[in-house]
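structure.cif follows (mmCIF, C-alpha atoms):
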data_run
#
loop_
_atom_site.group_PDB
_atom_site.id
_atom_site.type_symbol
_atom_site.label_atom_id
_atom_site.label_comp_id
_atom_site.auth_asym_id
_atom_site.auth_seq_id
_atom_site.Cartn_x
_atom_site.Cartn_y
_atom_site.Cartn_z
ATOM 1 C CA MET A 796 -27.283 117.603 214.545
ATOM 2 C CA ALA A 797 -26.932 120.172 217.320
ATOM 3 C CA ASP A 798 -29.930 122.407 218.017
ATOM 4 C CA HIS A 799 -27.981 125.546 217.154
ATOM 5 C CA ALA A 800 -27.320 124.164 213.657
ATOM 6 C CA ILE A 801 -31.069 124.033 212.984
ATOM 7 C CA PRO A 802 -32.851 127.289 212.036
ATOM 8 C CA GLY A 803 -34.501 128.492 215.235
ATOM 9 C CA GLY A 804 -32.675 125.811 217.223
ATOM 10 C CA TRP A 805 -30.607 128.375 219.114
ATOM 11 C CA GLY A 806 -33.373 128.327 221.758
ATOM 12 C CA GLY A 807 -33.072 124.580 222.293
ATOM 13 C CA SER A 808 -36.803 124.089 221.789
ATOM 14 C CA GLY A 809 -36.365 120.337 221.425
ATOM 15 C CA ARG A 810 -34.987 119.890 224.941
ATOM 16 C CA THR A 811 -37.079 118.583 227.826
ATOM 17 C CA ILE A 812 -37.780 120.696 230.886
ATOM 18 C CA ARG A 813 -35.377 118.554 232.915
ATOM 19 C CA GLU A 814 -32.612 119.149 230.399
ATOM 20 C CA ARG A 815 -33.194 122.881 230.553
ATOM 21 C CA LEU A 816 -33.325 123.018 234.328
ATOM 22 C CA ARG A 817 -30.118 121.020 234.579
ATOM 23 C CA ASP A 818 -28.203 123.965 233.078
ATOM 24 C CA TYR A 819 -29.517 126.242 235.843
ATOM 25 C CA ASP A 820 -29.344 123.698 238.654
ATOM 26 C CA TRP A 821 -25.574 123.381 239.033
ATOM 27 C CA ASP A 822 -25.859 122.945 242.808
ATOM 28 C CA GLY A 823 -29.105 120.965 243.017
ATOM 29 C CA ALA A 824 -30.889 123.858 244.727
ATOM 30 C CA ILE A 825 -33.903 124.141 242.427
ATOM 31 C CA ALA A 826 -35.923 121.096 243.522
ATOM 32 C CA PRO A 827 -35.733 121.701 247.310
ATOM 33 C CA GLY A 828 -35.997 125.462 246.856
ATOM 34 C CA CYS A 829 -39.159 125.190 244.735
ATOM 35 C CA ALA A 830 -40.650 122.792 247.282
ATOM 36 C CA GLU A 831 -40.070 125.331 250.062
ATOM 37 C CA ILE A 832 -41.487 128.178 247.980
ATOM 38 C CA ASP A 833 -44.522 126.089 247.068
ATOM 39 C CA ALA A 834 -45.115 125.372 250.756
ATOM 40 C CA LEU A 835 -44.865 129.067 251.624
ATOM 41 C CA LEU A 836 -47.252 130.304 248.924
ATOM 42 C CA THR A 837 -50.982 130.026 249.527
ATOM 43 C CA PRO A 838 -53.743 129.863 246.898
ATOM 44 C CA ALA A 839 -54.383 133.526 247.674
ATOM 45 C CA ASP A 840 -50.728 134.241 246.910
ATOM 46 C CA HIS A 841 -51.091 132.461 243.575
ATOM 47 C CA VAL A 842 -54.004 134.737 242.737
ATOM 48 C CA GLY A 843 -52.120 137.808 243.969
ATOM 49 C CA ILE A 844 -49.127 136.943 241.784
ATOM 50 C CA ALA A 845 -51.435 136.437 238.794
ATOM 51 C CA GLU A 846 -53.258 139.716 239.423
ATOM 52 C CA THR A 847 -49.938 141.545 239.677
ATOM 53 C CA PHE A 848 -48.917 140.107 236.319
ATOM 54 C CA TRP A 849 -52.151 141.071 234.563
ATOM 55 C CA ARG A 850 -52.314 144.515 236.124
ATOM 56 C CA HIS A 851 -48.874 145.421 234.798
ATOM 57 C CA TYR A 852 -49.418 143.579 231.510
ATOM 58 C CA LEU A 853 -52.561 145.546 230.688
ATOM 59 C CA SER A 854 -50.993 148.853 231.741
ATOM 60 C CA LEU A 855 -48.343 148.751 229.017
ATOM 61 C CA ASP A 856 -48.717 150.472 225.657
ATOM 62 C CA ALA A 857 -48.195 147.227 223.756
ATOM 63 C CA THR A 858 -51.426 145.768 225.193
ATOM 64 C CA ARG A 859 -53.719 148.788 224.874
ATOM 65 C CA HIS A 860 -55.456 147.220 221.894
ATOM 66 C CA LEU A 861 -56.577 144.312 224.104
ATOM 67 C CA LEU A 862 -58.498 146.381 226.664
ATOM 68 C CA ALA A 863 -61.593 146.900 224.538
ATOM 69 C CA ARG A 864 -62.186 143.185 224.018
ATOM 70 C CA LEU A 865 -61.104 141.949 227.458
ATOM 71 C CA THR A 866 -64.365 141.389 229.337
ATOM 72 C CA PRO A 867 -64.451 140.984 233.148
ATOM 73 C CA ALA A 868 -65.211 137.285 232.702
ATOM 74 C CA HIS A 869 -62.292 136.863 230.331
ATOM 75 C CA ARG A 870 -59.980 138.704 232.694
ATOM 76 C CA ALA A 871 -61.090 136.567 235.656
ATOM 77 C CA ALA A 872 -60.479 133.398 233.646
ATOM 78 C CA SER A 873 -57.026 134.638 232.619
ATOM 79 C CA ILE A 874 -56.105 135.396 236.236
ATOM 80 C CA ALA A 875 -57.262 131.932 237.330
ATOM 81 C CA GLU A 876 -55.184 130.315 234.579
ATOM 82 C CA SER A 877 -52.114 132.350 235.550
ATOM 83 C CA ALA A 878 -52.591 131.426 239.230
ATOM 84 C CA ASP A 879 -52.597 127.762 238.263
ATOM 85 C CA TYR A 880 -49.451 128.380 236.225
ATOM 86 C CA VAL A 881 -47.697 129.786 239.324
ATOM 87 C CA ARG A 882 -48.715 126.705 241.303
ATOM 88 C CA ILE A 883 -47.306 124.362 238.639
ATOM 89 C CA ARG A 884 -44.076 126.329 238.287
ATOM 90 C CA TYR A 885 -43.093 125.895 241.925
ATOM 91 C CA GLY A 886 -45.089 122.771 242.747
ATOM 92 C CA ALA A 887 -43.766 120.673 239.836
ATOM 93 C CA PRO A 888 -40.812 122.498 238.261
ATOM 94 C CA PHE A 889 -39.511 119.364 236.514
ATOM 95 C CA ASP A 890 -42.900 118.460 235.059
ATOM 96 C CA GLU A 891 -43.477 118.965 231.315
ATOM 97 C CA ALA A 892 -46.837 120.546 232.169
ATOM 98 C CA TRP A 893 -45.010 123.721 233.204
ATOM 99 C CA ARG A 894 -43.181 123.876 229.879
ATOM 100 C CA ILE A 895 -46.425 123.329 227.966
ATOM 101 C CA VAL A 896 -48.237 126.109 229.835
ATOM 102 C CA ALA A 897 -45.273 128.473 229.424
ATOM 103 C CA HIS A 898 -45.273 127.812 225.688
ATOM 104 C CA ARG A 899 -49.016 128.412 225.536
ATOM 105 C CA HIS A 900 -48.655 131.759 227.324
ATOM 106 C CA ALA A 901 -45.986 132.825 224.830
ATOM 107 C CA GLU A 902 -48.113 131.744 221.860
ATOM 108 C CA THR A 903 -51.161 133.565 223.233
ATOM 109 C CA CYS A 904 -49.215 136.810 223.539
ATOM 110 C CA GLU A 905 -47.752 136.457 220.074
ATOM 111 C CA SER A 906 -51.135 135.741 218.486
ATOM 112 C CA ALA A 907 -52.513 138.823 220.265
ATOM 113 C CA GLY A 908 -49.776 140.954 218.728
ATOM 114 C CA VAL A 909 -47.976 141.528 222.032
ATOM 115 C CA PRO A 910 -44.149 141.460 221.870
ATOM 116 C CA LEU A 911 -42.191 139.090 224.083
ATOM 117 C CA PRO A 912 -40.478 141.889 226.087
ATOM 118 C CA THR A 913 -43.913 143.020 227.285
ATOM 119 C CA LEU A 914 -44.655 139.516 228.538
ATOM 120 C CA LEU A 915 -41.271 139.214 230.245
ATOM 121 C CA ALA A 916 -41.614 142.625 231.901
ATOM 122 C CA SER A 917 -44.983 141.608 233.321
ATOM 123 C CA LEU A 918 -43.547 138.317 234.551
ATOM 124 C CA ALA A 919 -40.798 140.296 236.281
ATOM 125 C CA THR A 920 -43.417 142.109 238.375
ATOM 126 C CA ALA A 921 -44.966 138.741 239.255
ATOM 127 C CA HIS A 922 -41.576 137.415 240.370
ATOM 128 C CA SER A 923 -41.043 140.514 242.505
ATOM 129 C CA TYR A 924 -44.409 139.874 244.173
ATOM 130 C CA THR A 925 -43.417 136.240 244.748
ATOM 131 C CA LEU A 926 -40.143 137.319 246.310
ATOM 132 C CA ALA A 927 -41.990 139.747 248.594
ATOM 133 C CA CYS A 928 -44.327 136.958 249.744
ATOM 134 C CA VAL A 929 -41.366 134.706 250.564
ATOM 135 C CA ASN A 930 -39.461 137.460 252.378
ATOM 136 C CA GLU A 931 -42.477 138.207 254.567
ATOM 137 C CA ARG A 932 -42.660 134.604 255.766
ATOM 138 C CA VAL A 933 -38.995 133.708 256.096
ATOM 139 C CA PRO A 934 -37.193 135.472 258.936
ATOM 140 C CA ASP A 935 -33.822 133.913 258.186
ATOM 141 C CA ARG A 936 -31.805 136.058 255.808
ATOM 142 C CA ALA A 937 -29.739 133.172 254.444
ATOM 143 C CA THR A 938 -32.917 131.253 253.595
ATOM 144 C CA ARG A 939 -34.431 134.325 251.967
ATOM 145 C CA ASN A 940 -31.324 134.724 249.831
ATOM 146 C CA ARG A 941 -31.332 131.047 248.883
ATOM 147 C CA LEU A 942 -35.009 131.035 247.931
ATOM 148 C CA GLY A 943 -34.630 134.367 246.156
ATOM 149 C CA ASP A 944 -31.834 132.809 244.108
ATOM 150 C CA VAL A 945 -34.146 129.940 243.134
ATOM 151 C CA ILE A 946 -36.899 132.391 242.148
ATOM 152 C CA MET A 947 -34.377 134.240 239.988
ATOM 153 C CA ARG A 948 -33.237 131.017 238.305
ATOM 154 C CA MET A 949 -36.813 129.927 237.649
ATOM 155 C CA SER A 950 -37.577 133.294 236.077
ATOM 156 C CA LEU A 951 -34.636 132.833 233.722
ATOM 157 C CA VAL A 952 -35.722 129.302 232.837
ATOM 158 C CA GLU A 953 -39.184 130.684 232.149
ATOM 159 C CA ALA A 954 -37.807 133.361 229.810
ATOM 160 C CA ASP A 955 -35.639 130.701 228.171
ATOM 161 C CA LEU A 956 -38.679 128.494 227.565
ATOM 162 C CA MET A 957 -40.767 131.263 226.046
ATOM 163 C CA ALA A 958 -38.074 132.866 223.900
ATOM 164 C CA GLY A 959 -36.854 129.501 222.635
ATOM 165 C CA HIS A 960 -40.365 128.390 221.756
ATOM 166 C CA LEU A 961 -41.205 131.580 219.877
ATOM 167 C CA GLY A 962 -37.876 131.383 218.068
ATOM 168 C CA ALA A 963 -38.686 127.840 216.965
ATOM 169 C CA LEU A 964 -42.138 128.918 215.770
ATOM 170 C CA ASP A 965 -40.623 131.774 213.778
ATOM 171 C CA ALA A 966 -38.120 129.368 212.242
ATOM 172 C CA GLU A 967 -40.892 126.930 211.300
ATOM 173 C CA ARG A 968 -42.909 129.693 209.673
ATOM 174 C CA ALA A 969 -39.848 130.991 207.842
ATOM 175 C CA HIS A 970 -39.051 127.461 206.669
ATOM 176 C CA ALA A 971 -42.616 126.947 205.458
ATOM 177 C CA GLU A 972 -42.514 130.293 203.677
ATOM 178 C CA ARG A 973 -39.206 129.414 202.022
ATOM 179 C CA GLN A 974 -40.643 126.078 200.919
ATOM 180 C CA ALA A 975 -43.699 127.818 199.477
ATOM 181 C CA GLN A 976 -41.488 130.340 197.693
ATOM 182 C CA SER A 977 -39.256 127.531 196.430
ATOM 183 C CA ALA A 978 -42.272 125.613 195.133
ATOM 184 C CA ALA A 979 -43.611 128.756 193.473
ATOM 185 C CA PHE A 980 -40.194 129.389 191.939
ATOM 186 C CA ARG A 981 -39.986 125.838 190.612
ATOM 187 C CA THR A 982 -43.474 126.186 189.164
ATOM 188 C CA SER A 983 -42.593 129.493 187.523
ATOM 189 C CA ILE A 984 -39.402 127.973 186.090
ATOM 190 C CA LYS A 985 -41.398 125.015 184.778
ATOM 191 C CA HIS A 986 -43.898 127.328 183.107
ATOM 192 C CA ALA A 987 -41.085 129.472 181.725
ATOM 193 C CA LEU A 988 -39.404 126.393 180.247
ATOM 194 C CA GLU A 989 -42.689 125.225 178.767
ATOM 195 C CA ASP A 990 -43.308 128.677 177.295
ATOM 196 C CA THR A 991 -39.757 128.716 175.952
ATOM 197 C CA ALA A 992 -40.234 125.285 174.396
ATOM 198 C CA ASN A 993 -43.500 126.407 172.801
ATOM 199 C CA LEU A 994 -41.871 129.579 171.544
ATOM 200 C CA GLY A 995 -38.973 127.516 170.210
ATOM 201 C CA GLY A 996 -41.431 125.339 168.298
ATOM 202 C CA GLN A 997 -43.091 128.398 166.844
ATOM 203 C CA LEU A 998 -39.721 129.849 165.897
ATOM 204 C CA ARG A 999 -38.738 126.568 164.252
ATOM 205 C CA GLU A 1000 -41.940 126.642 162.228
ATOM 206 C CA GLN A 1001 -41.304 130.259 161.282
ATOM 207 C CA ALA A 1002 -37.699 129.433 160.399
ATOM 208 C CA GLY A 1003 -38.905 126.548 158.233
ATOM 209 C CA GLY A 1004 -41.309 128.888 156.452
ATOM 210 C CA ALA A 1005 -38.546 131.435 156.006
ATOM 211 C CA ALA A 1006 -36.239 128.738 154.634
ATOM 212 C CA ARG A 1007 -38.883 127.653 152.155
ATOM 213 C CA ALA A 1008 -39.485 131.248 151.115
ATOM 214 C CA THR A 1009 -35.741 131.772 150.772
ATOM 215 C CA GLY A 1010 -35.519 128.655 148.606
ATOM 216 C CA GLN A 1011 -38.247 130.017 146.376
ATOM 217 C CA VAL A 1012 -36.476 133.363 146.137
ATOM 218 C CA LEU A 1013 -33.210 131.628 145.327
ATOM 219 C CA GLY A 1014 -35.012 129.600 142.649
ATOM 220 C CA LYS A 1015 -36.383 132.778 141.115
ATOM 221 C CA ALA A 1016 -32.941 134.343 141.336
ATOM 222 C CA SER A 1017 -31.465 131.350 139.508
ATOM 223 C CA GLU A 1018 -34.053 131.727 136.777
ATOM 224 C CA VAL A 1019 -33.282 135.438 136.504
ATOM 225 C CA ALA A 1020 -29.551 134.688 136.395
ATOM 226 C CA ALA A 1021 -30.073 132.117 133.638
ATOM 227 C CA ALA A 1022 -32.188 134.579 131.656
ATOM 228 C CA ALA A 1023 -29.558 137.259 132.165
ATOM 229 C CA GLU A 1024 -26.881 134.889 130.929
ATOM 230 C CA GLN A 1025 -28.957 134.091 127.839
ATOM 231 C CA SER A 1026 -29.462 137.823 127.229
ATOM 232 C CA ALA A 1027 -25.734 138.376 127.536
ATOM 233 C CA VAL A 1028 -25.050 135.655 124.964
ATOM 234 C CA ALA A 1029 -27.617 137.178 122.598
ATOM 235 C CA MET A 1030 -26.101 140.607 123.097
ATOM 236 C CA ARG A 1031 -22.628 139.249 122.347
ATOM 237 C CA GLU A 1032 -23.935 137.605 119.172
ATOM 238 C CA ALA A 1033 -25.700 140.836 118.162
ATOM 239 C CA ALA A 1034 -22.503 142.758 118.787
ATOM 240 C CA GLN A 1035 -20.565 140.324 116.626
ATOM 241 C CA THR A 1036 -23.168 140.651 113.854
ATOM 242 C CA ALA A 1037 -23.029 144.443 114.062
ATOM 243 C CA ALA A 1038 -19.247 144.329 113.845
ATOM 244 C CA GLY A 1039 -19.527 142.186 110.685
ATOM 245 C CA LEU A 1040 -21.972 144.652 109.148
ATOM 246 C CA ILE A 1041 -19.664 147.540 109.945
ATOM 247 C CA ARG A 1042 -16.776 145.770 108.249
ATOM 248 C CA ALA A 1043 -18.962 144.987 105.192
ATOM 249 C CA ILE A 1044 -20.084 148.613 104.970
ATOM 250 C CA GLU A 1045 -16.481 149.758 105.250
ATOM 251 C CA ASP A 1046 -15.445 147.371 102.482
ATOM 252 C CA ALA A 1047 -18.318 148.588 100.288
ATOM 253 C CA ARG A 1048 -17.360 152.216 100.908
ATOM 254 C CA THR A 1049 -13.774 151.443 99.928
ATOM 255 C CA GLU A 1050 -14.928 149.762 96.725
ATOM 256 C CA VAL A 1051 -17.249 152.690 95.910
ATOM 257 C CA GLU A 1052 -14.416 155.166 96.389
ATOM 258 C CA ALA A 1053 -12.172 153.082 94.116
ATOM 259 C CA ALA A 1054 -14.890 152.911 91.467
ATOM 260 C CA ALA A 1055 -15.433 156.644 91.714
ATOM 261 C CA GLU A 1056 -11.730 157.264 91.225
ATOM 262 C CA ILE A 1057 -11.691 155.008 88.167
ATOM 263 C CA ALA A 1058 -14.747 156.796 86.768
ATOM 264 C CA THR A 1059 -13.094 160.143 87.343
ATOM 265 C CA ARG A 1060 -9.984 159.098 85.458
ATOM 266 C CA ALA A 1061 -12.086 157.652 82.659
ATOM 267 C CA SER A 1062 -14.026 160.877 82.336
ATOM 268 C CA ALA A 1063 -10.826 162.866 82.185
ATOM 269 C CA GLN A 1064 -9.407 160.646 79.491
ATOM 270 C CA ALA A 1065 -12.632 160.914 77.528
ATOM 271 C CA GLY A 1066 -12.468 164.687 77.733
ATOM 272 C CA GLU A 1067 -8.933 164.689 76.425
ATOM 273 C CA ALA A 1068 -9.923 162.441 73.531
ATOM 274 C CA VAL A 1069 -12.746 164.733 72.541
ATOM 275 C CA GLY A 1070 -10.429 167.698 72.601
ATOM 276 C CA MET A 1071 -7.929 166.056 70.360
ATOM 277 C CA SER A 1072 -10.519 165.207 67.763
#

With the file now loaded, output its structure as structure tokens.
Amino acid sequence: MADHAIPGGWGGSGRTIRERLRDYDWDGAIAPGCAEIDALLTPADHVGIAETFWRHYLSLDATRHLLARLTPAHRAASIAESADYVRIRYGAPFDEAWRIVAHRHAETCESAGVPLPTLLASLATAHSYTLACVNERVPDRATRNRLGDVIMRMSLVEADLMAGHLGALDAERAHAERQAQSAAFRTSIKHALEDTANLGGQLREQAGGAARATGQVLGKASEVAAAAEQSAVAMREAAQTAAGLIRAIEDARTEVEAAAEIATRASAQAGEAVGMS
């Protein structure tokens, strides 16, 4: 898979220093040019370049928070380390040691809370100092231009190394964070499923209890319905009995009226008989 297809791989952090330099060394000028520059620079120049870097670096707003904790001994050690870095950069440009030191410088700045542009700006002043040293010792203009071109290319390779490395570190941290978030998400989903399963079990138990209670209610309702049906039958029978009584009373009333009419006629006839006698 190509580097650019990997998160953070746009900087080509997996490439060797030779592979990186090959992109900038289209005419094969880097190796001989660095050898000439290395021969021109003295140990004092290495220190001067390092001091120029640190002077500008510590003058910027982004590094103000470092001044209080930067002791003279610490500053002297940092300058010595940077001077050695300059020596490696031009003395062994194709050596992995240069890449390792460049990466370490970038990591140190990042861990100190200093942005990469601050580091690159300070390196630019160091490259300007280097160019001035070369120009002072090379009378030939064509040679100065050629060596200046090599210094410019090396500065770009240096920025490439540092930016690519920090990009890869950011990608690794982002990947680790995504993995942690993914693991946390999976754990939360697992717990949610377990809670849901437990809740489902509780709901099933509650539903079973509700079903049993409903069955009991339905049983009671059946008993009530049966009793109601029995009451209805009894009421129908009572109604039928009442209807029979009503008919019997009506028949008795009719018979009484008939008897009364007969008695009335008999009384009238008796009265007539008495009158005739």

So which one's closest to Gly823 in chain A, A:Lys1015, A:Arg1048, A:Arg1007, A:Arg941? Using only C-alpha atoms, please. A:Arg941

Which one is closest to Leu835 in chain A: A:Ile984, A:Gln1064, A:Tyr885, A:Glu1045? Count only C-alpha atoms. A:Tyr885

Contacts of Gly908 in chain A at 9 Å or less, counting all atoms listed in the file, minus same-chain residues fewer than 3 places along, as a PyMOL selection string? chain A and resi 857-858+903-905

Translate the PyMOL selection byres ((chain A and resi 843-856) around 9) into a concrete residue list for this structure, as an mmCIF file with C-alpha atoms, in the coordinates of the input.
data_model
loop_
_atom_site.group_PDB
_atom_site.id
_atom_site.type_symbol
_atom_site.label_atom_id
_atom_site.label_comp_id
_atom_site.auth_asym_id
_atom_site.auth_seq_id
_atom_site.Cartn_x
_atom_site.Cartn_y
_atom_site.Cartn_z
ATOM 1 C CA PRO A 838 -53.743 129.863 246.898
ATOM 2 C CA ALA A 839 -54.383 133.526 247.674
ATOM 3 C CA ASP A 840 -50.728 134.241 246.910
ATOM 4 C CA HIS A 841 -51.091 132.461 243.575
ATOM 5 C CA VAL A 842 -54.004 134.737 242.737
ATOM 6 C CA ALA A 857 -48.195 147.227 223.756
ATOM 7 C CA THR A 858 -51.426 145.768 225.193
ATOM 8 C CA ARG A 859 -53.719 148.788 224.874
ATOM 9 C CA HIS A 860 -55.456 147.220 221.894
ATOM 10 C CA LEU A 861 -56.577 144.312 224.104
ATOM 11 C CA LEU A 862 -58.498 146.381 226.664
ATOM 12 C CA ARG A 870 -59.980 138.704 232.694
ATOM 13 C CA SER A 873 -57.026 134.638 232.619
ATOM 14 C CA ILE A 874 -56.105 135.396 236.236
ATOM 15 C CA ALA A 875 -57.262 131.932 237.330
ATOM 16 C CA GLU A 876 -55.184 130.315 234.579
ATOM 17 C CA SER A 877 -52.114 132.350 235.550
ATOM 18 C CA ALA A 878 -52.591 131.426 239.230
ATOM 19 C CA ASP A 879 -52.597 127.762 238.263
ATOM 20 C CA TYR A 880 -49.451 128.380 236.225
ATOM 21 C CA VAL A 881 -47.697 129.786 239.324
ATOM 22 C CA THR A 913 -43.913 143.020 227.285
ATOM 23 C CA LEU A 914 -44.655 139.516 228.538
ATOM 24 C CA ALA A 916 -41.614 142.625 231.901
ATOM 25 C CA SER A 917 -44.983 141.608 233.321
ATOM 26 C CA LEU A 918 -43.547 138.317 234.551
ATOM 27 C CA ALA A 919 -40.798 140.296 236.281
ATOM 28 C CA THR A 920 -43.417 142.109 238.375
ATOM 29 C CA ALA A 921 -44.966 138.741 239.255
ATOM 30 C CA HIS A 922 -41.576 137.415 240.370
ATOM 31 C CA SER A 923 -41.043 140.514 242.505
ATOM 32 C CA TYR A 924 -44.409 139.874 244.173
ATOM 33 C CA THR A 925 -43.417 136.240 244.748
#

Rounded to one decimal in Å, what is the spacing between CA of Asp965 in chain A and CA of His869 in chain A? 27.7 Å

Around all listed atoms of range 905-914 of chain A, padded 4 Å per side, what centre and edge lengths does the axis-aligned box have in Å to one decimal, as AutoDock Vina command-line options?
--center_x -46.5 --center_y 139.4 --center_z 223.5 --size_x 20.0 --size_y 15.3 --size_z 18.1

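The coordinates place CA of Asp955 in chain A at 16.5 Å from CA of Trp821 in chain A.
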
Atom pair CA of Glu902 in chain A / CA of Ala872 in chain A: separation (Å): 17.2 Å

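Here the residues that fall within 10 Å of (-38.4, 124.6, 246.7), using all atoms listed in the file, are given as Ala824, Ile825, Ala826, Pro827, Gly828, Cys829, Ala830, Glu831, Ile832, Asp833, Ala834, Leu835, Tyr885, Gly886, Ala887, Pro888, Arg941, Leu942, Val945 and Ile946 of chain A.
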
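Across A:Ala1047, A:Gly962, A:Arg1042, A:Leu998, the tightest approach to Ala901 in chain A is made by A:Gly962 when counting all atoms listed in the file.
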
Give as a VMD selection string the set of residues within 12 Å of the point (-36.1, 121.5, 228.6), where distances use the file's coordinates and all atoms listed in the file. chain A and resid 806 to 819 888 to 895 897 to 898 952 to 953 955 to 957 959 to 960
